[in-house]
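> The following block contains the structure, expressed as structure tokens.
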Amino acid sequence: MGFKAKGISTAHSDVKYFEEKKVALMDLINMPLTIIDFQGGIKTCKGENRYCILAENCTTGEKVKFFTTSKQLTDTLDEARKAHEQKGDIFPVEGVVIRRKNLGEGHACFYFDEYQQPQ
């Protein structure tokens with residue numbers, strides 16, 4: 001008899017671990033996406049306070065996850081989470097793309113933008 005059958009929870013964390021395939025943020029630049037969910041404050045081998053974002057590629061239908069510390073992305077997600085908690089019905093967010101802006105000297109920032117259908 002397992003833990004569950006004995007009434008013992010094995011889920012003791014509020015941290016979401018998305019099971020989808022991990023991809024690099026750069027692989028998603030300019031692709032139409034649906035942002036499904038995210039988890040902030042995650043510690044990885046690349047650092048602390050990273051965000052794990054669950055997204056669906058609108059072209060292929062594949063669900064993937066990626067990690068970021070981009071201030072513009074994380075601020076937008078935090079604002080969306082607050083709105084979701086107050087009003088509900090924010091997630092999923094459809095029709096977005098992630099853009100990359102070069103800042104010079106090897107630096108760049110990433111931000112969410114609205115997807116525009118090619119004409």
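Ordered as shown in the structure tokens, chains take letters A, B, and onward, while each chain numbers its residues from 1 and ligands are numbered from 1 in the order shown.
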Tell me, which residues of chain A carry DSSP strand (DSSP E or B), written as a PyMOL selection string?

chain A and resi 21-22+29+33-44+47-57+63-68+93-104+107-114

> Mind dumping a table of every region 53-98 of chain A residue within 9 Å of region 109-116 of chain A, with the nearest atom pair and its distance in Å to one decimal, using only C-alpha atoms, sorted by chain and rising number, as JSON lines?


```
{"residue": "A:Ser70", "atom": "CA", "partner": "A:Phe110", "partner_atom": "CA", "distance": 6.2}
{"residue": "A:Lys71", "atom": "CA", "partner": "A:Cys109", "partner_atom": "CA", "distance": 8.0}
{"residue": "A:Gln72", "atom": "CA", "partner": "A:Tyr111", "partner_atom": "CA", "distance": 5.4}
{"residue": "A:Leu73", "atom": "CA", "partner": "A:Tyr111", "partner_atom": "CA", "distance": 5.4}
{"residue": "A:Thr76", "atom": "CA", "partner": "A:Phe112", "partner_atom": "CA", "distance": 7.9}
{"residue": "A:Glu94", "atom": "CA", "partner": "A:Tyr115", "partner_atom": "CA", "distance": 8.9}
{"residue": "A:Gly95", "atom": "CA", "partner": "A:Tyr115", "partner_atom": "CA", "distance": 5.2}
{"residue": "A:Val96", "atom": "CA", "partner": "A:Glu114", "partner_atom": "CA", "distance": 4.7}
{"residue": "A:Val97", "atom": "CA", "partner": "A:Asp113", "partner_atom": "CA", "distance": 5.3}
{"residue": "A:Ile98", "atom": "CA", "partner": "A:Phe112", "partner_atom": "CA", "distance": 4.7}
```

> Which residues come within 7 Å of Asp37 (chain A), counting only C-alpha atoms, excluding same-chain residues fewer than 4 positions away, as number ranges by chain?

A: 53-54, 91-92

> Could the residues in this selection be written to a file with C-alpha atoms, as a CSV table (one decimal), in the first residue's frame?


```
chain,number,residue,atom,x,y,z
A,53,ILE,CA,7.4,29.5,-18.1
A,54,LEU,CA,5.0,27.0,-19.6
A,91,PHE,CA,-4.2,32.8,-18.1
A,92,PRO,CA,-3.7,31.4,-20.7
```

> When you draw a straight line from CA of Asp78 (chain A) to CA of Arg50 (chain A), how long is it in Å?

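Calculated distance between CA of Asp78 (chain A) and CA of Arg50 (chain A) is 12.5 Å.
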
> Could you please determine the separation between CA of Lys63 (chain A) and CA of Glu20 (chain A) in Å, to one decimal place?

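Atom-to-atom, CA of Lys63 (chain A) to CA of Glu20 (chain A), that is 6.3 Å.
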
> Could you tell me how far CA of Glu85 (chain A) sits from CA of Glu48 (chain A), in Å to one decimal place?

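Separation of CA of Glu48 (chain A) and CA of Glu85 (chain A): 24.6 Å.
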